[in-house]
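J.: Before I ask anything, here is the structure I am working with.
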Amino acid sequence: MAFGTIRNVRKVFSASELNSRSAEPVIALDDANFEFDEGQLIALLGPSGCGKTTLLRIVAGLIQKTSGSVTIGGREITEPLGDYGFVFQSPSLMPWRNVLDNVLFTMEVLKRNDKAARERATQLLELVGLSDFLGARPHQLSGGMQQRVALCRALIHQPKLLLMDEPFGALDELTRLEMNDLLLRIRKETGATVLFVTHSISEAVYVSDKVIVFSRRPARVATEIPISLPYPRNQQLRFTPAFTKAERLASEALGVVPPAETGSAA
Amino acid sequence: MASRLLTQIGYPLAGVVLIVALWAALCAYLNIPTVVLPTPDKVLAAFIARFDLILAEGWVTLKETVYGFILAVVIGIPMAVAVANSRPLNLMFYPLLIGLQSVPKVALAPIILVWLGTGMESKLAIVWLVAFFPIIVDTVAGLRSTPRELLELARSLKATPMQIFLKVQLPAALPFIITGAKVAITLAVIGAVIGEFVGSSEGLGYLLLTATSQLDAPLAFAALFALSFLGMFVYLLVEWAERLAAPWLPPAPRH
């Protein structure tokens, strides 16, 4: 049985939940279905506002689904389990804590802030190249560095599942490429299972084992694209036919390009 | 270094000297009677001659200001926490609080005096009343503006409500609370003086009032200066507390 199963998940926000004046409920997620295995990195790809983030919050147990079922590691998710990592689009660090203490926030909440935790935090920060900044305040770091701290904070408790909500969406292109490589490296080191929300086709293909493509609102899973590109991956890969082919499939599923006609010369 | 000394001390000092010189010149050329506007040297002389008196009355006003302010903080912050975290409490009392804020507190001073007498209690009540609103309103705003991501992060880790409050909400609200406290301490001095004006037998406000009624303008002006020194002093106290409580905040901009 798969490690994670998303079955017929549907989410309708009532008007009161949205806190808006309109009486119309909004279907954020119509019908999501997919599975993934332990250690896989799954990219959730779709246009902005298509309910990918909603799905991520349902998987985290932060909001209730309207219907359907979400099972992670054999448990049905109805509330937060306390053993996930979460990385948001904004680094969301605490300005009143230094880098090391930001990472240790997770362990404090879990009441596991011991010597081993500090060692692991230091190791993780070293892994992301921030060993010289343990005592720095978040505002002293660049956006990319802040997001690396957020990544360490999400990984320090060795989470069962790492949820990433467009984590590199606010970074410039070069930093983003760097962060993609960093993510691949960290994932190799930690063996984390990752759900990665993005609206970049190329990023989705580059970092993942499988791309789940969502259609426009109301979102449903349009297609699944397995990515069988070899590891370790590097930026050269972006210029290979296999990579381009996967990008084309994802673009077709999103309706960016018309489907290639089979049999005719392209 | 030398230029910083010039901009931070030299220019402000030059401004003060210029104003005082203008003041002295105005008195001399227009022959203004001392009762209307005493010359700077007479004010200074009164300040020095009556220093013991000013110090004693200042001490009273300082106590009223600081105690009333502390009362406002000690009562205001827990109330803000209650209003920010409980929807029923919020719906019941927050509009009322905002409404009450628009009541001119000076107008309440005579009533409070009737209730609490002319002693320290009435002054504390008036100071509390004027200092309380900025603290509660800013604290509520701060607690409500906790970044959603931090709350979700804490919830995803199954943080207890107490952990969320102490580790996330409260520190995130601290800059707002400090802003409220800075407004509150300034108002607290005003509140104390109002209380002394309306009915009191001590304090700088009282001294100012009696000096004016006795046509002792130099003493009245000396009391006025003492009041502004007191105001600056308590404001600096709050700024100092800010640096202790929130060292991560950038220092207030100085122009």
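Going by the structure tokens order, chains are called A, B, ..., each with residues numbered from 1, while ligands are numbered from 1 in the order shown.
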Output as a ChimeraX atom specification the set of chain A residues within 9 Å of chain B, with distances taken over only C-alpha atoms.

T.: /A:57,60-62,79-88,90,92-97,105-106,109-110,137

J.: With N, CA and C atoms retained, write the just-selected residues as a PDB file, in the first residue's frame.

T.:
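Saved the output as result35.pdb:
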```pdb
ATOM      1  N   ARG A  57      -2.897  22.164   2.927  1.00  0.00           N
ATOM      2  CA  ARG A  57      -3.387  22.443   4.280  1.00  0.00           C
ATOM      3  C   ARG A  57      -4.299  21.336   4.782  1.00  0.00           C
ATOM      4  N   ALA A  60      -2.037  18.623   5.854  1.00  0.00           N
ATOM      5  CA  ALA A  60      -1.417  18.972   7.139  1.00  0.00           C
ATOM      6  C   ALA A  60      -2.404  18.874   8.290  1.00  0.00           C
ATOM      7  N   GLY A  61      -3.684  18.750   7.963  1.00  0.00           N
ATOM      8  CA  GLY A  61      -4.696  18.694   9.015  1.00  0.00           C
ATOM      9  C   GLY A  61      -5.065  20.066   9.543  1.00  0.00           C
ATOM     10  N   LEU A  62      -4.652  21.111   8.824  1.00  0.00           N
ATOM     11  CA  LEU A  62      -4.927  22.472   9.300  1.00  0.00           C
ATOM     12  C   LEU A  62      -6.347  22.904   8.970  1.00  0.00           C
ATOM     13  N   GLU A  79      -6.698  16.017  11.771  1.00  0.00           N
ATOM     14  CA  GLU A  79      -6.131  17.114  12.559  1.00  0.00           C
ATOM     15  C   GLU A  79      -4.611  17.047  12.417  1.00  0.00           C
ATOM     16  N   PRO A  80      -3.900  18.116  12.791  1.00  0.00           N
ATOM     17  CA  PRO A  80      -2.437  18.062  12.680  1.00  0.00           C
ATOM     18  C   PRO A  80      -1.868  16.922  13.514  1.00  0.00           C
ATOM     19  N   LEU A  81      -0.861  16.240  12.957  1.00  0.00           N
ATOM     20  CA  LEU A  81      -0.274  15.117  13.685  1.00  0.00           C
ATOM     21  C   LEU A  81       0.972  15.529  14.453  1.00  0.00           C
ATOM     22  N   GLY A  82       1.506  16.682  14.125  1.00  0.00           N
ATOM     23  CA  GLY A  82       2.661  17.171  14.871  1.00  0.00           C
ATOM     24  C   GLY A  82       3.987  16.642  14.361  1.00  0.00           C
ATOM     25  N   ASP A  83       3.982  15.823  13.316  1.00  0.00           N
ATOM     26  CA  ASP A  83       5.275  15.334  12.826  1.00  0.00           C
ATOM     27  C   ASP A  83       5.480  15.650  11.347  1.00  0.00           C
ATOM     28  N   TYR A  84       4.948  16.778  10.919  1.00  0.00           N
ATOM     29  CA  TYR A  84       5.202  17.252   9.561  1.00  0.00           C
ATOM     30  C   TYR A  84       6.118  18.458   9.603  1.00  0.00           C
ATOM     31  N   GLY A  85       6.755  18.692   8.469  1.00  0.00           N
ATOM     32  CA  GLY A  85       7.477  19.944   8.307  1.00  0.00           C
ATOM     33  C   GLY A  85       6.695  20.816   7.338  1.00  0.00           C
ATOM     34  N   PHE A  86       6.824  22.124   7.485  1.00  0.00           N
ATOM     35  CA  PHE A  86       6.063  23.040   6.631  1.00  0.00           C
ATOM     36  C   PHE A  86       6.977  24.177   6.201  1.00  0.00           C
ATOM     37  N   VAL A  87       7.062  24.396   4.890  1.00  0.00           N
ATOM     38  CA  VAL A  87       7.799  25.552   4.379  1.00  0.00           C
ATOM     39  C   VAL A  87       6.833  26.375   3.543  1.00  0.00           C
ATOM     40  N   PHE A  88       6.744  27.664   3.827  1.00  0.00           N
ATOM     41  CA  PHE A  88       5.792  28.532   3.142  1.00  0.00           C
ATOM     42  C   PHE A  88       6.487  29.336   2.056  1.00  0.00           C
ATOM     43  N   SER A  90       6.672  32.594   1.928  1.00  0.00           N
ATOM     44  CA  SER A  90       7.534  33.555   2.622  1.00  0.00           C
ATOM     45  C   SER A  90       8.294  32.790   3.706  1.00  0.00           C
ATOM     46  N   SER A  92       8.895  33.375   6.686  1.00  0.00           N
ATOM     47  CA  SER A  92       8.152  33.369   7.946  1.00  0.00           C
ATOM     48  C   SER A  92       9.043  33.011   9.129  1.00  0.00           C
ATOM     49  N   LEU A  93      10.200  33.639   9.187  1.00  0.00           N
ATOM     50  CA  LEU A  93      11.052  33.437  10.358  1.00  0.00           C
ATOM     51  C   LEU A  93      10.603  34.404  11.446  1.00  0.00           C
ATOM     52  N   MET A  94      11.058  34.127  12.670  1.00  0.00           N
ATOM     53  CA  MET A  94      10.690  34.996  13.767  1.00  0.00           C
ATOM     54  C   MET A  94      11.798  36.036  13.965  1.00  0.00           C
ATOM     55  N   PRO A  95      11.475  37.310  13.765  1.00  0.00           N
ATOM     56  CA  PRO A  95      12.524  38.334  13.823  1.00  0.00           C
ATOM     57  C   PRO A  95      13.162  38.450  15.208  1.00  0.00           C
ATOM     58  N   TRP A  96      12.447  37.936  16.237  1.00  0.00           N
ATOM     59  CA  TRP A  96      12.987  38.052  17.592  1.00  0.00           C
ATOM     60  C   TRP A  96      13.927  36.902  17.950  1.00  0.00           C
ATOM     61  N   ARG A  97      14.129  35.956  17.030  1.00  0.00           N
ATOM     62  CA  ARG A  97      15.043  34.857  17.305  1.00  0.00           C
ATOM     63  C   ARG A  97      16.189  34.898  16.296  1.00  0.00           C
ATOM     64  N   PHE A 105      12.918  26.326  17.034  1.00  0.00           N
ATOM     65  CA  PHE A 105      11.527  26.586  17.422  1.00  0.00           C
ATOM     66  C   PHE A 105      10.703  25.299  17.373  1.00  0.00           C
ATOM     67  N   THR A 106      10.874  24.558  16.271  1.00  0.00           N
ATOM     68  CA  THR A 106      10.157  23.300  16.100  1.00  0.00           C
ATOM     69  C   THR A 106      10.372  22.381  17.297  1.00  0.00           C
ATOM     70  N   VAL A 109       8.608  23.523  20.541  1.00  0.00           N
ATOM     71  CA  VAL A 109       7.173  23.205  20.575  1.00  0.00           C
ATOM     72  C   VAL A 109       6.982  21.720  20.888  1.00  0.00           C
ATOM     73  N   LEU A 110       7.845  20.892  20.324  1.00  0.00           N
ATOM     74  CA  LEU A 110       7.717  19.444  20.540  1.00  0.00           C
ATOM     75  C   LEU A 110       8.340  19.005  21.865  1.00  0.00           C
ATOM     76  N   ARG A 137      20.466  37.613  12.927  1.00  0.00           N
ATOM     77  CA  ARG A 137      19.022  37.836  12.941  1.00  0.00           C
ATOM     78  C   ARG A 137      18.486  37.685  11.521  1.00  0.00           C
TER      79      ARG A 137
END
```

J.: Residues within 9 Å of B:Val137, please, as a VMD selection string. Count only C-alpha atoms; anything in the same chain fewer than 3 positions from it doesn't count.

T.: chain B and resid 76 80 94 97 to 98 132 to 134 140 to 142 177 180

J.: Take the selection from the previous step and output its residues with N, CA and C atoms, as a compact mmCIF listing (two decimals), in the first residue's frame.

T.:
```txt
# COMPACT_ATOMS: atom_id res chain seq x y z
N GLY B 76 -4.35 46.56 30.91
CA GLY B 76 -4.63 46.65 29.47
C GLY B 76 -4.20 45.43 28.69
N ALA B 80 -6.53 42.96 26.52
CA ALA B 80 -6.32 42.87 25.08
C ALA B 80 -6.20 41.41 24.66
N TYR B 94 -15.19 44.97 22.26
CA TYR B 94 -14.27 45.77 21.47
C TYR B 94 -14.92 47.03 20.89
N LEU B 97 -15.15 49.48 23.63
CA LEU B 97 -13.86 50.09 23.95
C LEU B 97 -13.51 51.19 22.97
N ILE B 98 -13.71 50.90 21.69
CA ILE B 98 -13.40 51.90 20.67
C ILE B 98 -14.30 53.12 20.87
N PHE B 132 -4.71 53.80 29.13
CA PHE B 132 -5.21 52.46 28.92
C PHE B 132 -5.57 52.18 27.46
N PHE B 133 -6.20 53.17 26.80
CA PHE B 133 -6.72 52.90 25.45
C PHE B 133 -5.64 52.63 24.42
N PRO B 134 -4.61 53.47 24.32
CA PRO B 134 -3.60 53.12 23.31
C PRO B 134 -2.97 51.76 23.57
N VAL B 140 -4.24 44.68 20.94
CA VAL B 140 -5.20 43.87 20.17
C VAL B 140 -4.77 43.83 18.70
N ALA B 141 -4.41 44.99 18.16
CA ALA B 141 -3.97 45.04 16.76
C ALA B 141 -2.75 44.15 16.56
N GLY B 142 -1.82 44.18 17.51
CA GLY B 142 -0.61 43.37 17.40
C GLY B 142 -0.91 41.89 17.46
N ILE B 177 2.77 46.62 20.98
CA ILE B 177 2.57 46.94 22.39
C ILE B 177 3.47 48.11 22.78
N GLY B 180 2.15 51.32 21.48
CA GLY B 180 1.05 51.75 22.35
C GLY B 180 1.57 52.33 23.65
```

J.: Would you mind listing what lies within 6 Å of B:Ala188 as a list in words, with only C-alpha atoms counted and same-chain residues fewer than 3 positions away left out?

T.: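 After dropping sequence-adjacent residues, the list is Thr65, Val127, Ala131, Ala184, Ile185 and Gly191 of chain B.
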
J.: Would you export the selected residues with N, CA and C atoms as a compact mmCIF listing (two decimals), in the first residue's frame, please?

T.:
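Writing done, so here's selection.txt:
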```txt
# COMPACT_ATOMS: atom_id res chain seq x y z
N THR B 65 2.20 59.53 37.36
CA THR B 65 2.35 59.14 35.96
C THR B 65 2.77 57.68 35.83
N VAL B 127 -5.02 58.96 35.02
CA VAL B 127 -3.87 58.53 34.22
C VAL B 127 -4.15 57.18 33.57
N ALA B 131 -4.19 56.40 29.56
CA ALA B 131 -3.08 55.57 29.07
C ALA B 131 -3.55 54.19 28.62
N ALA B 184 1.02 55.91 25.28
CA ALA B 184 0.39 55.91 26.60
C ALA B 184 1.19 56.72 27.61
N ILE B 185 2.51 56.62 27.57
CA ILE B 185 3.30 57.31 28.60
C ILE B 185 3.21 58.83 28.39
N GLY B 191 -2.47 63.21 31.66
CA GLY B 191 -3.52 62.77 32.59
C GLY B 191 -3.23 63.21 34.02
```

J.: Using the chain letters and numbers from this document, which residues of stretch 6-255 of chain B does DSSP assign to alpha helix (DSSP H), as a ChimeraX atom specification?

T.: /B:11-30,40-49,51-85,87-101,105-116,120-144,148-156,161-163,170-198,204-213,217-245

J.: Report the residues of stretch 1-222 of chain A whose backbone DSSP state falls under strand (DSSP E or B), written as a PyMOL selection string.

T.: chain A and resi 4-13+26-36+41-45+67-72+75-76+84-87+161-165+194-198+210-214+219-222

J.: Which one of B:Trp115, B:Phe165, B:Tyr235, B:Phe197 sits closest to B:Ile178 if you count only C-alpha atoms?

T.: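 For B:Ile178, the nearest of the candidates is B:Tyr235.
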
J.: Identify, on the basis of only C-alpha atoms, every residue whose closest approach to stretch 41-52 of chain A does not exceed 8 Å; exclude the query and any residue fewer than 4 positions from it along the same chain; express the result as a VMD selection string.

T.: chain A and resid 28 to 29 36 56 193 to 201 204 to 205 207 to 219 254

J.: Atom CA of B:Gln169 and atom CA of A:Ser142 are how many Å apart?

T.: 24.6 Å

J.: Under the rule of at most 8 Å, produce a per-residue listing of stretch 51-138 of chain B near stretch 198-211 of chain B: chain, number, name, the closest pair of atoms, and the distance in Å, as JSON lines, using only C-alpha atoms.

T.:
```
{"residue": "B:Ile54", "atom": "CA", "partner": "B:Leu204", "partner_atom": "CA", "distance": 7.1}
{"residue": "B:Ala56", "atom": "CA", "partner": "B:Gly203", "partner_atom": "CA", "distance": 7.8}
{"residue": "B:Glu57", "atom": "CA", "partner": "B:Gly203", "partner_atom": "CA", "distance": 4.2}
{"residue": "B:Gly58", "atom": "CA", "partner": "B:Leu204", "partner_atom": "CA", "distance": 5.5}
{"residue": "B:Trp59", "atom": "CA", "partner": "B:Gly203", "partner_atom": "CA", "distance": 7.5}
{"residue": "B:Val60", "atom": "CA", "partner": "B:Gly203", "partner_atom": "CA", "distance": 5.2}
{"residue": "B:Thr61", "atom": "CA", "partner": "B:Gly203", "partner_atom": "CA", "distance": 5.0}
{"residue": "B:Ala109", "atom": "CA", "partner": "B:Val198", "partner_atom": "CA", "distance": 6.9}
{"residue": "B:Pro110", "atom": "CA", "partner": "B:Val198", "partner_atom": "CA", "distance": 6.4}
{"residue": "B:Leu113", "atom": "CA", "partner": "B:Gly199", "partner_atom": "CA", "distance": 7.1}
{"residue": "B:Thr118", "atom": "CA", "partner": "B:Ser200", "partner_atom": "CA", "distance": 5.2}
{"residue": "B:Gly119", "atom": "CA", "partner": "B:Ser200", "partner_atom": "CA", "distance": 6.7}
```

J.: Just the selected residues (N, CA and C atoms), exported as a compact mmCIF listing (two decimals), in the first residue's frame, please.

T.:
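Just written: part04.txt:
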```txt
# COMPACT_ATOMS: atom_id res chain seq x y z
N ILE B 54 10.20 72.30 43.43
CA ILE B 54 9.91 71.70 42.12
C ILE B 54 10.20 70.20 42.16
N ALA B 56 10.13 68.21 44.79
CA ALA B 56 9.14 67.52 45.61
C ALA B 56 7.82 67.36 44.85
N GLU B 57 7.38 68.45 44.20
CA GLU B 57 6.12 68.37 43.45
C GLU B 57 6.29 67.47 42.22
N GLY B 58 7.47 67.54 41.61
CA GLY B 58 7.76 66.69 40.45
C GLY B 58 7.72 65.22 40.82
N TRP B 59 8.22 64.93 42.00
CA TRP B 59 8.23 63.55 42.47
C TRP B 59 6.80 63.01 42.56
N VAL B 60 5.89 63.86 43.05
CA VAL B 60 4.48 63.47 43.15
C VAL B 60 3.91 63.17 41.77
N THR B 61 4.14 64.09 40.83
CA THR B 61 3.61 63.92 39.47
C THR B 61 4.23 62.69 38.80
N ALA B 109 -12.72 63.87 34.35
CA ALA B 109 -11.88 64.14 35.52
C ALA B 109 -12.68 64.66 36.73
N PRO B 110 -13.57 65.66 36.55
CA PRO B 110 -14.33 66.15 37.71
C PRO B 110 -15.16 65.04 38.36
N LEU B 113 -13.05 62.78 40.34
CA LEU B 113 -12.66 63.46 41.57
C LEU B 113 -13.74 63.34 42.65
N THR B 118 -9.49 63.91 46.31
CA THR B 118 -8.42 64.71 45.70
C THR B 118 -7.04 64.09 45.89
N GLY B 119 -6.99 62.89 46.42
CA GLY B 119 -5.70 62.26 46.69
C GLY B 119 -5.14 61.57 45.46
```
